[in-house]
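Printed here is protein.cif (mmCIF, C-alpha atoms and all ligand atoms):
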```
data_data
#
loop_
_atom_site.label_atom_id
_atom_site.label_comp_id
_atom_site.auth_asym_id
_atom_site.auth_seq_id
_atom_site.Cartn_x
_atom_site.Cartn_y
_atom_site.Cartn_z
CA MET A 1 7.02 -31.60 -18.59
CA TYR A 2 4.68 -34.56 -18.47
CA ASN A 3 5.40 -38.17 -19.34
CA THR A 4 2.56 -38.99 -21.73
CA ALA A 5 2.47 -42.73 -21.01
CA GLU A 6 2.43 -42.14 -17.26
CA LEU A 7 -0.39 -39.65 -17.60
CA ILE A 8 -2.73 -42.07 -19.33
CA ASP A 9 -2.02 -44.69 -16.63
CA LYS A 10 -2.69 -42.04 -14.00
CA LEU A 11 -6.05 -41.30 -15.63
CA LYS A 12 -6.99 -44.95 -15.43
CA THR A 13 -6.24 -45.05 -11.71
CA GLU A 14 -7.51 -41.65 -10.65
CA THR A 15 -10.27 -41.00 -13.29
CA ILE A 16 -9.44 -37.30 -13.37
CA LEU A 17 -6.57 -35.13 -14.55
CA SER A 18 -5.89 -31.42 -14.40
CA ARG A 19 -6.72 -29.20 -17.36
CA ASP A 20 -3.05 -29.04 -18.34
CA GLU A 21 -2.72 -32.80 -18.13
CA TYR A 22 -5.78 -33.42 -20.33
CA LEU A 23 -4.46 -30.82 -22.75
CA HIS A 24 -1.07 -32.53 -22.86
CA LEU A 25 -2.72 -35.85 -23.70
CA ILE A 26 -4.85 -34.29 -26.44
CA LYS A 27 -1.84 -32.54 -27.98
CA ASN A 28 0.35 -35.64 -27.80
CA ARG A 29 -2.30 -38.21 -28.61
CA GLY A 30 -0.33 -39.57 -31.58
CA VAL A 31 2.00 -41.52 -29.30
CA ILE A 32 -0.60 -42.68 -26.81
CA ARG A 33 -3.72 -43.31 -28.85
CA GLU A 34 -3.47 -47.10 -28.92
CA ARG A 35 -2.63 -47.39 -25.24
CA ALA A 36 -5.58 -45.12 -24.38
CA ALA A 37 -7.97 -47.30 -26.43
CA GLU A 38 -6.61 -50.44 -24.80
CA LEU A 39 -7.06 -49.06 -21.28
CA ALA A 40 -10.51 -47.65 -22.06
CA GLY A 41 -11.56 -51.00 -23.53
CA SER A 42 -10.40 -52.88 -20.46
CA VAL A 43 -12.25 -50.48 -18.13
CA ARG A 44 -15.43 -50.82 -20.20
CA ASP A 45 -15.11 -54.65 -20.35
CA GLY A 46 -14.58 -54.76 -16.58
CA ILE A 47 -17.91 -52.98 -16.03
CA TYR A 48 -20.12 -53.99 -18.95
CA GLY A 49 -18.37 -57.10 -20.25
CA LYS A 50 -18.57 -57.74 -23.99
CA SER A 51 -22.19 -56.50 -24.19
CA ILE A 52 -23.08 -53.71 -26.56
CA TYR A 53 -26.41 -52.01 -25.88
CA ILE A 54 -28.62 -50.92 -28.74
CA ARG A 55 -31.08 -48.03 -28.81
CA GLY A 56 -33.74 -47.82 -31.48
CA LEU A 57 -33.64 -44.28 -32.82
CA ILE A 58 -36.99 -42.90 -34.02
CA GLU A 59 -36.41 -39.58 -35.80
CA PHE A 60 -40.02 -38.45 -35.67
CA THR A 61 -39.85 -34.89 -36.98
CA ASN A 62 -37.35 -32.82 -38.94
CA TYR A 63 -39.20 -29.56 -38.32
CA CYS A 64 -37.20 -27.29 -36.04
CA ARG A 65 -37.72 -23.77 -34.79
CA ASN A 66 -33.99 -23.29 -34.19
CA ASN A 67 -31.28 -22.17 -36.53
CA CYS A 68 -28.08 -23.81 -35.30
CA TYR A 69 -25.45 -22.91 -37.91
CA TYR A 70 -24.20 -26.49 -38.27
CA CYS A 71 -27.46 -28.39 -38.54
CA GLY A 72 -29.08 -29.59 -41.76
CA ILE A 73 -32.63 -29.44 -40.39
CA ARG A 74 -32.34 -25.87 -39.08
CA ALA A 75 -35.42 -23.71 -39.67
CA GLY A 76 -33.56 -21.61 -42.23
CA ASN A 77 -32.80 -24.51 -44.56
CA ASP A 78 -35.64 -24.16 -47.04
CA LYS A 79 -34.29 -27.07 -49.09
CA ALA A 80 -35.05 -29.56 -46.29
CA ASP A 81 -37.94 -31.83 -47.17
CA ARG A 82 -39.96 -31.70 -43.94
CA TYR A 83 -41.94 -34.53 -42.36
CA ARG A 84 -43.71 -35.43 -39.14
CA LEU A 85 -44.62 -38.92 -37.95
CA THR A 86 -48.05 -39.35 -36.38
CA PRO A 87 -48.25 -40.69 -32.83
CA GLU A 88 -49.49 -43.97 -34.31
CA GLU A 89 -46.49 -44.16 -36.64
CA ILE A 90 -44.07 -43.50 -33.75
CA ILE A 91 -45.71 -46.21 -31.69
CA GLY A 92 -45.63 -48.53 -34.71
CA CYS A 93 -41.84 -48.02 -34.94
CA SER A 94 -41.48 -49.01 -31.30
CA ASP A 95 -43.61 -52.13 -31.86
CA SER A 96 -41.48 -53.29 -34.77
CA GLY A 97 -38.31 -52.40 -32.84
CA TYR A 98 -39.48 -54.50 -29.93
CA GLU A 99 -39.79 -57.51 -32.22
CA LEU A 100 -36.21 -56.92 -33.35
CA GLY A 101 -34.93 -57.03 -29.78
CA PHE A 102 -34.78 -53.33 -28.90
CA ARG A 103 -35.52 -52.48 -25.26
CA THR A 104 -34.78 -48.77 -25.49
CA PHE A 105 -36.43 -46.33 -27.87
CA VAL A 106 -34.98 -42.88 -28.47
CA LEU A 107 -37.51 -40.37 -29.74
CA GLN A 108 -35.53 -37.62 -31.39
CA GLY A 109 -36.53 -34.59 -33.37
CA GLY A 110 -36.04 -30.92 -34.05
CA GLU A 111 -37.68 -28.50 -31.62
CA ASP A 112 -41.12 -28.82 -33.16
CA PRO A 113 -43.94 -27.12 -31.21
CA TYR A 114 -46.47 -29.24 -33.12
CA TYR A 115 -45.75 -31.99 -30.58
CA SER A 116 -47.24 -30.44 -27.45
CA ASP A 117 -46.41 -31.81 -24.00
CA ASP A 118 -49.74 -33.60 -24.11
CA ILE A 119 -49.08 -35.30 -27.45
CA LEU A 120 -45.56 -36.34 -26.47
CA SER A 121 -46.70 -37.53 -23.06
CA ARG A 122 -49.38 -39.66 -24.67
CA VAL A 123 -46.84 -41.24 -27.02
CA VAL A 124 -44.48 -41.98 -24.12
CA ARG A 125 -47.32 -43.46 -22.04
CA ASP A 126 -48.49 -45.61 -24.92
CA ILE A 127 -45.02 -47.00 -25.63
CA LYS A 128 -44.41 -47.71 -21.95
CA GLY A 129 -47.86 -49.30 -21.66
CA ARG A 130 -47.26 -51.60 -24.61
CA HIS A 131 -43.68 -52.39 -23.66
CA PRO A 132 -43.29 -52.07 -19.90
CA ASP A 133 -39.86 -53.69 -20.02
CA CYS A 134 -38.49 -50.92 -22.24
CA ALA A 135 -36.87 -47.56 -21.56
CA VAL A 136 -37.95 -44.44 -23.42
CA THR A 137 -35.36 -41.77 -24.09
CA LEU A 138 -36.33 -38.33 -25.35
CA SER A 139 -34.12 -36.02 -27.39
CA VAL A 140 -36.27 -33.06 -28.29
CA GLY A 141 -34.18 -30.11 -27.18
CA GLU A 142 -34.71 -27.34 -24.67
CA LYS A 143 -37.98 -27.16 -22.74
CA SER A 144 -39.26 -25.58 -19.54
CA TYR A 145 -38.84 -27.35 -16.21
CA GLU A 146 -42.61 -27.89 -16.19
CA SER A 147 -42.58 -29.59 -19.62
CA TYR A 148 -39.71 -31.85 -18.61
CA ARG A 149 -41.63 -32.71 -15.44
CA LYS A 150 -44.73 -33.71 -17.44
CA LEU A 151 -42.66 -35.91 -19.74
CA ARG A 152 -40.93 -37.52 -16.80
CA ASN A 153 -44.31 -38.18 -15.16
CA ALA A 154 -45.50 -39.75 -18.40
CA GLY A 155 -42.76 -42.32 -17.93
CA ALA A 156 -39.79 -41.06 -19.95
CA ASP A 157 -36.65 -42.56 -18.41
CA ARG A 158 -33.82 -40.75 -20.11
CA TYR A 159 -33.07 -37.52 -21.98
CA LEU A 160 -30.30 -36.67 -24.41
CA LEU A 161 -29.37 -33.00 -24.66
CA ARG A 162 -25.88 -32.33 -25.92
CA HIS A 163 -24.57 -29.08 -24.50
CA GLU A 164 -22.61 -28.73 -27.81
CA THR A 165 -19.71 -26.83 -26.23
CA VAL A 166 -18.59 -26.02 -22.73
CA ASN A 167 -17.31 -22.64 -23.89
CA ARG A 168 -19.95 -19.90 -23.78
CA GLU A 169 -18.24 -17.77 -26.47
CA HIS A 170 -17.80 -20.78 -28.70
CA TYR A 171 -21.51 -21.53 -28.24
CA GLY A 172 -22.15 -18.04 -29.60
CA MET A 173 -20.18 -18.91 -32.76
CA LEU A 174 -22.28 -22.02 -33.38
CA HIS A 175 -25.72 -20.57 -32.68
CA PRO A 176 -27.69 -17.40 -33.41
CA ASP A 177 -28.17 -14.81 -30.66
CA ASN A 178 -31.61 -16.03 -29.61
CA MET A 179 -30.08 -19.29 -28.37
CA SER A 180 -28.51 -19.34 -24.95
CA TRP A 181 -25.70 -21.43 -23.53
CA ASP A 182 -26.94 -20.66 -20.02
CA ASN A 183 -30.38 -22.00 -20.81
CA ARG A 184 -29.00 -25.18 -22.32
CA MET A 185 -26.84 -25.81 -19.26
CA GLN A 186 -29.80 -25.07 -16.98
CA CYS A 187 -31.87 -27.59 -18.95
CA LEU A 188 -29.24 -30.26 -18.26
CA ARG A 189 -29.33 -29.52 -14.54
CA ASN A 190 -33.17 -29.59 -14.58
CA LEU A 191 -33.19 -32.95 -16.32
CA LYS A 192 -30.85 -34.39 -13.71
CA GLU A 193 -32.92 -32.96 -10.89
CA LEU A 194 -36.07 -34.55 -12.33
CA GLY A 195 -34.39 -37.94 -12.24
CA PHE A 196 -33.85 -38.51 -15.94
CA GLN A 197 -30.78 -40.55 -16.86
CA THR A 198 -29.22 -37.63 -18.65
CA GLY A 199 -26.96 -37.44 -21.68
CA ALA A 200 -24.73 -34.46 -22.42
CA GLY A 201 -22.23 -34.18 -25.26
CA PHE A 202 -20.60 -32.19 -28.00
CA MET A 203 -19.42 -32.31 -31.59
CA VAL A 204 -15.74 -32.93 -32.18
CA GLY A 205 -14.09 -30.46 -34.55
CA SER A 206 -16.95 -27.99 -34.74
CA PRO A 207 -15.79 -24.68 -36.27
CA GLY A 208 -13.82 -22.63 -33.75
CA GLN A 209 -13.29 -25.46 -31.25
CA THR A 210 -9.83 -25.51 -29.66
CA GLU A 211 -7.84 -28.24 -27.90
CA GLU A 212 -8.23 -26.18 -24.72
CA ASP A 213 -12.00 -26.40 -25.15
CA LEU A 214 -11.70 -30.18 -25.36
CA ALA A 215 -9.71 -30.32 -22.11
CA ASP A 216 -12.47 -28.22 -20.53
CA GLU A 217 -15.09 -30.62 -21.92
CA LEU A 218 -13.51 -33.47 -19.96
CA LEU A 219 -13.44 -31.45 -16.74
CA PHE A 220 -17.04 -30.38 -17.29
CA LEU A 221 -18.22 -33.95 -17.89
CA LYS A 222 -16.43 -35.13 -14.76
CA GLU A 223 -18.26 -32.49 -12.75
CA LEU A 224 -21.71 -32.96 -14.34
CA LYS A 225 -21.51 -36.78 -14.18
CA PRO A 226 -24.08 -37.49 -16.90
CA GLU A 227 -25.18 -41.10 -17.26
CA MET A 228 -24.65 -40.84 -21.03
CA VAL A 229 -22.27 -38.88 -23.21
CA GLY A 230 -22.86 -38.41 -26.93
CA ILE A 231 -19.96 -37.21 -29.03
CA GLY A 232 -19.44 -37.38 -32.75
CA PRO A 233 -17.47 -35.52 -35.38
CA PHE A 234 -18.94 -32.33 -36.80
CA ILE A 235 -19.77 -33.00 -40.46
CA PRO A 236 -20.75 -30.10 -42.73
CA HIS A 237 -24.16 -29.97 -44.38
CA GLN A 238 -24.06 -28.17 -47.71
CA ASP A 239 -27.19 -26.08 -47.11
CA THR A 240 -26.06 -24.54 -43.81
CA PRO A 241 -23.81 -21.57 -42.99
CA PHE A 242 -21.08 -24.12 -42.10
CA GLY A 243 -21.43 -25.99 -45.39
CA LYS A 244 -17.84 -25.27 -46.43
CA GLU A 245 -16.19 -25.88 -43.06
CA THR A 246 -13.88 -28.84 -42.45
CA ALA A 247 -15.28 -31.96 -40.78
CA GLY A 248 -14.00 -33.14 -37.40
CA SER A 249 -11.68 -36.15 -37.48
CA ALA A 250 -12.44 -39.76 -36.61
CA GLU A 251 -9.04 -40.08 -35.00
CA LEU A 252 -9.65 -37.27 -32.48
CA THR A 253 -13.20 -38.49 -31.81
CA LEU A 254 -11.89 -41.98 -31.01
CA PHE A 255 -9.23 -40.62 -28.68
CA LEU A 256 -11.84 -38.54 -26.85
CA LEU A 257 -14.09 -41.58 -26.51
CA SER A 258 -11.21 -43.29 -24.71
CA LEU A 259 -10.57 -40.29 -22.45
CA ILE A 260 -14.28 -40.06 -21.61
CA ARG A 261 -14.42 -43.78 -20.74
CA LEU A 262 -11.40 -43.39 -18.46
CA THR A 263 -12.83 -40.24 -16.86
CA LEU A 264 -16.37 -41.60 -16.35
CA PRO A 265 -15.82 -45.37 -16.21
CA ASP A 266 -19.53 -46.32 -15.93
CA VAL A 267 -20.81 -43.99 -18.62
CA LEU A 268 -23.07 -45.16 -21.45
CA LEU A 269 -21.15 -44.08 -24.50
CA PRO A 270 -22.40 -44.49 -28.08
CA ALA A 271 -20.29 -45.00 -31.17
CA THR A 272 -22.38 -42.59 -33.23
CA THR A 273 -23.71 -42.63 -36.76
CA ALA A 274 -21.64 -39.50 -37.48
CA LEU A 275 -18.50 -41.47 -36.57
CA GLY A 276 -19.64 -44.26 -38.91
CA THR A 277 -20.22 -41.66 -41.60
CA ILE A 278 -16.70 -40.17 -41.68
CA ASP A 279 -15.04 -43.58 -41.32
CA PRO A 280 -16.65 -46.76 -42.68
CA MET A 281 -15.23 -48.67 -39.69
CA GLY A 282 -15.93 -45.81 -37.29
CA ARG A 283 -18.48 -47.61 -35.14
CA GLU A 284 -16.27 -50.68 -34.69
CA LYS A 285 -13.30 -48.46 -33.88
CA GLY A 286 -15.53 -46.54 -31.45
CA ILE A 287 -16.31 -49.75 -29.56
CA LEU A 288 -12.64 -50.69 -29.54
CA SER A 289 -11.90 -47.24 -28.09
CA GLY A 290 -14.31 -47.61 -25.16
CA ALA A 291 -17.85 -47.03 -26.50
CA ASN A 292 -20.60 -49.50 -25.48
CA VAL A 293 -23.77 -48.30 -27.22
CA LEU A 294 -25.05 -48.25 -30.81
CA MET A 295 -28.11 -46.37 -31.98
CA PRO A 296 -29.49 -47.86 -35.18
CA ASN A 297 -32.37 -46.18 -36.93
CA LEU A 298 -35.95 -47.41 -36.54
CA SER A 299 -37.60 -44.60 -38.50
CA PRO A 300 -39.69 -45.67 -41.51
CA VAL A 301 -37.50 -45.95 -44.62
CA ASN A 302 -39.57 -43.36 -46.50
CA VAL A 303 -38.46 -40.59 -44.11
CA ARG A 304 -34.91 -41.81 -43.33
CA GLY A 305 -33.28 -39.76 -46.04
CA LYS A 306 -34.96 -36.59 -44.77
CA TYR A 307 -33.44 -36.43 -41.30
CA LEU A 308 -30.18 -35.13 -42.66
CA LEU A 309 -28.19 -33.27 -40.05
CA TYR A 310 -25.05 -33.52 -42.21
CA ASP A 311 -24.03 -34.71 -45.68
CA ASN A 312 -23.59 -38.39 -46.67
CA LYS A 313 -25.28 -39.83 -43.57
CA ILE A 314 -25.07 -43.64 -43.60
CA CYS A 315 -27.88 -46.21 -43.25
CA THR A 316 -30.59 -44.04 -44.80
CA GLY A 317 -31.80 -46.78 -47.17
CA GLU A 318 -31.95 -49.95 -45.10
CA GLU A 319 -34.90 -51.41 -43.23
CA ALA A 320 -34.35 -51.58 -39.47
CA ALA A 321 -34.16 -55.38 -39.64
CA GLN A 322 -31.33 -55.18 -42.19
CA CYS A 323 -29.49 -52.58 -40.09
CA ILE A 324 -29.59 -54.66 -36.96
CA GLU A 325 -28.40 -57.79 -38.75
CA CYS A 326 -25.53 -55.83 -40.30
CA LEU A 327 -24.55 -54.35 -36.94
CA LYS A 328 -24.73 -57.69 -35.15
CA GLY A 329 -22.26 -59.12 -37.65
CA ARG A 330 -19.93 -56.14 -37.41
CA VAL A 331 -19.92 -56.21 -33.62
CA ARG A 332 -19.38 -59.97 -33.47
CA LYS A 333 -16.39 -59.67 -35.79
CA ILE A 334 -14.58 -57.52 -33.23
CA GLY A 335 -15.43 -59.84 -30.32
CA TYR A 336 -18.50 -58.11 -28.86
CA GLU A 337 -22.19 -59.00 -28.72
CA ILE A 338 -25.32 -56.91 -29.20
CA VAL A 339 -27.68 -57.70 -26.34
CA THR A 340 -31.44 -57.44 -25.82
CA ASP A 341 -31.42 -55.33 -22.68
CA ARG A 342 -32.61 -51.92 -21.49
CA GLY A 343 -28.97 -51.14 -20.83
CA ASP A 344 -29.45 -48.78 -17.92
CA HIS A 345 -26.60 -46.95 -16.30
CA LYS A 346 -25.11 -49.03 -13.49
CA ASP A 347 -26.48 -46.71 -10.80
CA CYS A 348 -30.05 -46.60 -12.23
CA GLY A 349 -32.85 -48.72 -13.57
N1 LIG B 401 -33.31 -30.96 -31.27
C1 LIG B 401 -32.67 -31.82 -30.33
C2 LIG B 401 -31.54 -31.10 -29.65
O1 LIG B 401 -31.29 -29.95 -29.94
O2 LIG B 401 -30.92 -31.68 -28.76
C3 LIG B 401 -32.18 -33.13 -30.91
C4 LIG B 401 -31.82 -33.15 -32.33
S1 LIG B 401 -30.23 -32.46 -32.73
C5 LIG B 401 -30.23 -32.58 -34.47
C6 LIG B 401 -29.12 -33.79 -32.22
C7 LIG B 401 -27.65 -33.50 -32.30
O3 LIG B 401 -27.19 -33.59 -33.64
C8 LIG B 401 -27.19 -32.14 -31.86
O4 LIG B 401 -27.11 -32.09 -30.48
C9 LIG B 401 -25.83 -32.00 -32.57
O5 LIG B 401 -24.76 -32.25 -31.69
C10 LIG B 401 -25.89 -33.06 -33.68
N2 LIG B 401 -25.64 -32.44 -34.98
C11 LIG B 401 -26.37 -31.49 -35.60
N3 LIG B 401 -25.79 -31.12 -36.76
C12 LIG B 401 -24.65 -31.84 -36.89
C13 LIG B 401 -23.59 -31.88 -37.84
N4 LIG B 401 -23.60 -31.08 -38.91
N5 LIG B 401 -22.58 -32.76 -37.64
C14 LIG B 401 -22.58 -33.57 -36.57
N6 LIG B 401 -23.53 -33.56 -35.62
C15 LIG B 401 -24.56 -32.70 -35.76
FE1 LIG B 402 -32.90 -27.86 -34.48
FE2 LIG B 402 -30.81 -28.93 -35.52
S1 LIG B 402 -31.35 -26.81 -35.55
S2 LIG B 402 -32.42 -29.94 -34.56
#
```
Give the structure from the file, written as structure tokens.
Ligand code: SAM
Ligand code: FES
Amino acid sequence: MYNTAELIDKLKTETILSRDEYLHLIKNRGVIRERAAELAGSVRDGIYGKSIYIRGLIEFTNYCRNNCYYCGIRAGNDKADRYRLTPEEIIGCSDSGYELGFRTFVLQGGEDPYYSDDILSRVVRDIKGRHPDCAVTLSVGEKSYESYRKLRNAGADRYLLRHETVNREHYGMLHPDNMSWDNRMQCLRNLKELGFQTGAGFMVGSPGQTEEDLADELLFLKELKPEMVGIGPFIPHQDTPFGKETAGSAELTLFLLSLIRLTLPDVLLPATTALGTIDPMGREKGILSGANVLMPNLSPVNVRGKYLLYDNKICTGEEAAQCIECLKGRVRKIGYEIVTDRGDHKDCG
């Protein structure tokens, strides 16, 4: 049998464990949670200091052709109030974000064919032209290698594409048959090959997820070596097939943040809005567990309340300027500092 305390120390030194060892830690996290957060925090501080990077999130469309069972903006949700931002509006968000100190913009949306490669490329080029010292991250789902190549050539630096689950069968429980785990994984490999700083990730506590799956997630991440990892609790949305399912827990999400930091010491790791939604102190606790990125919303306030992936999403009413002031104060209170910086991965930029 394993000694739980020794295992977490071993992870800090060796940055990888076996599947059984990860599983043991996950099952016995109650006794080791605080130690894991402490070690993860010290590893993060050793690499990134007390700096917390911010990314300005521009949720530019809530149209989506997909029908993921968990997601509030799925095509099949006819109660969703749909919107699209014009290229000028997206660029306007980046301009106001720049003034607020943001040096990374994340353009996120459903898979919306309205935004052709040409339109998206033009938006990326314009933002990079106006703000050459900024990074542009895209998070617009699965595309062909050729489309990713065009977007990369337009100047996009990074791409977030959560794989959602490492388990192919589990993927089939979360998505309809026309969506493919193999394609999503191939997209991640394509993005890496094209030189994007790439973000993978998964929801914690999605219906059907097991502790064994979580151990496999850690092994998968170690092998893929993404520059960014996005994890957050699954939270039900009332107008989806998973509307009555139980939400994932903050406690397990925080523990996994620590394990991810210890497994991929350099990784850029956000404390997500979903974590802040299930626990009012979730983002602060996320930082104290090893996260080093926050992604406040830069979308215009009149559309904020429409990008609802899950119920009770926080920060849907505030102006971006208010959000950033609030976050600066929260981060300072726990001994960290939001910085004006592109915040590239250590090996890039
Ligand atoms: N369409 C793009 C894509 O597929 O990557 C980006 C947008 S998608 C809404 C961004 C992420 O939101 C997904 O990868 C998923 O992990 C997360 N998400 C969706 N529904 C959620 C829910 N009910 N609870 C928590 N996270 C959710
Ligand atoms: Fe497409 Fe969620 S189903 S973004």
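Excluding Asn292 in chain A itself and same-chain residues fewer than 6 positions from it, the residues having an atom within 10 Å of it are Gly41, Arg44, Asp45, Tyr48, Gly49, Lys50, Ser51, Ile52, Tyr53, Ile54, Arg261, Val267, Leu268, Leu269, Pro270, Ala271, Gly286, Tyr336, Ile338 and Gly343 of chain A, counting all atoms listed in the file.
Of the listed residues A:Leu259, A:Leu224, A:Ala321, A:Ala75, the one whose atoms come nearest to ligand LIG 401 (chain B) is A:Ala75, with distances taken using only C-alpha atoms and all ligand atoms.
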- Task: Tell me which of A:Ile235, A:Ile287, A:Cys93, A:Ile119 sits closest to ligand LIG 401 (chain B), counting all atoms listed in the file.
- Result: A:Ile235
- Select the residues contacting ligand LIG 402 (chain B) at a distance of at most 7 Å, based on all atoms listed in the file, then format the selection as a ChimeraX atom specification. /A:64-68,71-75,109-111,309
- Message: Taking all atoms listed in the file into account, name the residue in A:Leu25, A:Glu59, A:Gln108, A:Leu257 that is nearest to Leu11 in chain A.
- Response: A:Leu25
Show me which residues line ligand LIG 401 (chain B), defined as having an atom within 9 Å of a ligand atom where all atoms listed in the file count, and present them as a PDB file with C-alpha atoms, in the coordinates of the input.
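Heads up, here's the output in out04.pdb:
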```
ATOM      1  CA  GLU A  59     -36.410 -39.580 -35.800  1.00  0.00           C
ATOM      2  CA  ASN A  62     -37.350 -32.820 -38.940  1.00  0.00           C
ATOM      3  CA  CYS A  64     -37.200 -27.290 -36.040  1.00  0.00           C
ATOM      4  CA  ASN A  66     -33.990 -23.290 -34.190  1.00  0.00           C
ATOM      5  CA  CYS A  68     -28.080 -23.810 -35.300  1.00  0.00           C
ATOM      6  CA  TYR A  69     -25.450 -22.910 -37.910  1.00  0.00           C
ATOM      7  CA  TYR A  70     -24.200 -26.490 -38.270  1.00  0.00           C
ATOM      8  CA  CYS A  71     -27.460 -28.390 -38.540  1.00  0.00           C
ATOM      9  CA  GLY A  72     -29.080 -29.590 -41.760  1.00  0.00           C
ATOM     10  CA  ILE A  73     -32.630 -29.440 -40.390  1.00  0.00           C
ATOM     11  CA  ARG A  74     -32.340 -25.870 -39.080  1.00  0.00           C
ATOM     12  CA  GLN A 108     -35.530 -37.620 -31.390  1.00  0.00           C
ATOM     13  CA  GLY A 109     -36.530 -34.590 -33.370  1.00  0.00           C
ATOM     14  CA  GLY A 110     -36.040 -30.920 -34.050  1.00  0.00           C
ATOM     15  CA  GLU A 111     -37.680 -28.500 -31.620  1.00  0.00           C
ATOM     16  CA  ASP A 112     -41.120 -28.820 -33.160  1.00  0.00           C
ATOM     17  CA  LEU A 138     -36.330 -38.330 -25.350  1.00  0.00           C
ATOM     18  CA  SER A 139     -34.120 -36.020 -27.390  1.00  0.00           C
ATOM     19  CA  VAL A 140     -36.270 -33.060 -28.290  1.00  0.00           C
ATOM     20  CA  GLY A 141     -34.180 -30.110 -27.180  1.00  0.00           C
ATOM     21  CA  GLU A 142     -34.710 -27.340 -24.670  1.00  0.00           C
ATOM     22  CA  LEU A 160     -30.300 -36.670 -24.410  1.00  0.00           C
ATOM     23  CA  LEU A 161     -29.370 -33.000 -24.660  1.00  0.00           C
ATOM     24  CA  ARG A 162     -25.880 -32.330 -25.920  1.00  0.00           C
ATOM     25  CA  HIS A 163     -24.570 -29.080 -24.500  1.00  0.00           C
ATOM     26  CA  GLU A 164     -22.610 -28.730 -27.810  1.00  0.00           C
ATOM     27  CA  ALA A 200     -24.730 -34.460 -22.420  1.00  0.00           C
ATOM     28  CA  GLY A 201     -22.230 -34.180 -25.260  1.00  0.00           C
ATOM     29  CA  PHE A 202     -20.600 -32.190 -28.000  1.00  0.00           C
ATOM     30  CA  MET A 203     -19.420 -32.310 -31.590  1.00  0.00           C
ATOM     31  CA  VAL A 204     -15.740 -32.930 -32.180  1.00  0.00           C
ATOM     32  CA  SER A 206     -16.950 -27.990 -34.740  1.00  0.00           C
ATOM     33  CA  GLY A 230     -22.860 -38.410 -26.930  1.00  0.00           C
ATOM     34  CA  ILE A 231     -19.960 -37.210 -29.030  1.00  0.00           C
ATOM     35  CA  GLY A 232     -19.440 -37.380 -32.750  1.00  0.00           C
ATOM     36  CA  PRO A 233     -17.470 -35.520 -35.380  1.00  0.00           C
ATOM     37  CA  PHE A 234     -18.940 -32.330 -36.800  1.00  0.00           C
ATOM     38  CA  ILE A 235     -19.770 -33.000 -40.460  1.00  0.00           C
ATOM     39  CA  PRO A 236     -20.750 -30.100 -42.730  1.00  0.00           C
ATOM     40  CA  HIS A 237     -24.160 -29.970 -44.380  1.00  0.00           C
ATOM     41  CA  THR A 240     -26.060 -24.540 -43.810  1.00  0.00           C
ATOM     42  CA  PHE A 242     -21.080 -24.120 -42.100  1.00  0.00           C
ATOM     43  CA  GLY A 243     -21.430 -25.990 -45.390  1.00  0.00           C
ATOM     44  CA  ALA A 247     -15.280 -31.960 -40.780  1.00  0.00           C
ATOM     45  CA  GLY A 248     -14.000 -33.140 -37.400  1.00  0.00           C
ATOM     46  CA  ALA A 274     -21.640 -39.500 -37.480  1.00  0.00           C
ATOM     47  CA  LEU A 275     -18.500 -41.470 -36.570  1.00  0.00           C
ATOM     48  CA  TYR A 307     -33.440 -36.430 -41.300  1.00  0.00           C
ATOM     49  CA  LEU A 308     -30.180 -35.130 -42.660  1.00  0.00           C
ATOM     50  CA  LEU A 309     -28.190 -33.270 -40.050  1.00  0.00           C
ATOM     51  CA  TYR A 310     -25.050 -33.520 -42.210  1.00  0.00           C
ATOM     52  CA  ASP A 311     -24.030 -34.710 -45.680  1.00  0.00           C
TER      53      ASP A 311
END
```
- Task: Provide the CA of Thr61 in chain A to CA of Arg122 in chain A distance in Å, to one decimal place.
- Result: 16.3 Å
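Counting all atoms listed in the file, the residue from A:Gln209, A:Ser116, A:Thr165, A:Thr86 that sits nearest to Lys143 in chain A is A:Ser116.
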- Message: Just checking: using only C-alpha atoms, which residue out of A:Arg55, A:His345, A:Arg184, A:Arg158 ends up closest to Gln197 in chain A?
- Response: A:Arg158
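Note that the spacing between CA of Ser180 in chain A and CA of Ala291 in chain A amounts to 29.7 Å.
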- At what distance in Å, to one decimal, does CA of Ala40 in chain A lie from CA of Lys12 in chain A? 8.0 Å
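Nearest residue to Thr263 in chain A among A:Leu174, A:Val293, A:Leu219, A:Val303 is A:Leu219, counting all atoms listed in the file.
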Counting all atoms listed in the file, which residues come within 12 Å of (-20.0, -57.0, -37.9), with the point read in the file's coordinates, and could you list them as a JSON list (two decimals) with C-alpha atoms, in the coordinates of the input?
```json
[["chain", "number", "residue", "atom", "x", "y", "z"],
["A", 280, "PRO", "CA", -16.65, -46.76, -42.68],
["A", 281, "MET", "CA", -15.23, -48.67, -39.69],
["A", 282, "GLY", "CA", -15.93, -45.81, -37.29],
["A", 283, "ARG", "CA", -18.48, -47.61, -35.14],
["A", 284, "GLU", "CA", -16.27, -50.68, -34.69],
["A", 285, "LYS", "CA", -13.30, -48.46, -33.88],
["A", 287, "ILE", "CA", -16.31, -49.75, -29.56],
["A", 323, "CYS", "CA", -29.49, -52.58, -40.09],
["A", 324, "ILE", "CA", -29.59, -54.66, -36.96],
["A", 325, "GLU", "CA", -28.40, -57.79, -38.75],
["A", 326, "CYS", "CA", -25.53, -55.83, -40.30],
["A", 327, "LEU", "CA", -24.55, -54.35, -36.94],
["A", 328, "LYS", "CA", -24.73, -57.69, -35.15],
["A", 329, "GLY", "CA", -22.26, -59.12, -37.65],
["A", 330, "ARG", "CA", -19.93, -56.14, -37.41],
["A", 331, "VAL", "CA", -19.92, -56.21, -33.62],
["A", 332, "ARG", "CA", -19.38, -59.97, -33.47],
["A", 333, "LYS", "CA", -16.39, -59.67, -35.79],
["A", 334, "ILE", "CA", -14.58, -57.52, -33.23],
["A", 335, "GLY", "CA", -15.43, -59.84, -30.32],
["A", 336, "TYR", "CA", -18.50, -58.11, -28.86],
["A", 337, "GLU", "CA", -22.19, -59.00, -28.72],
["A", 338, "ILE", "CA", -25.32, -56.91, -29.20]]
```
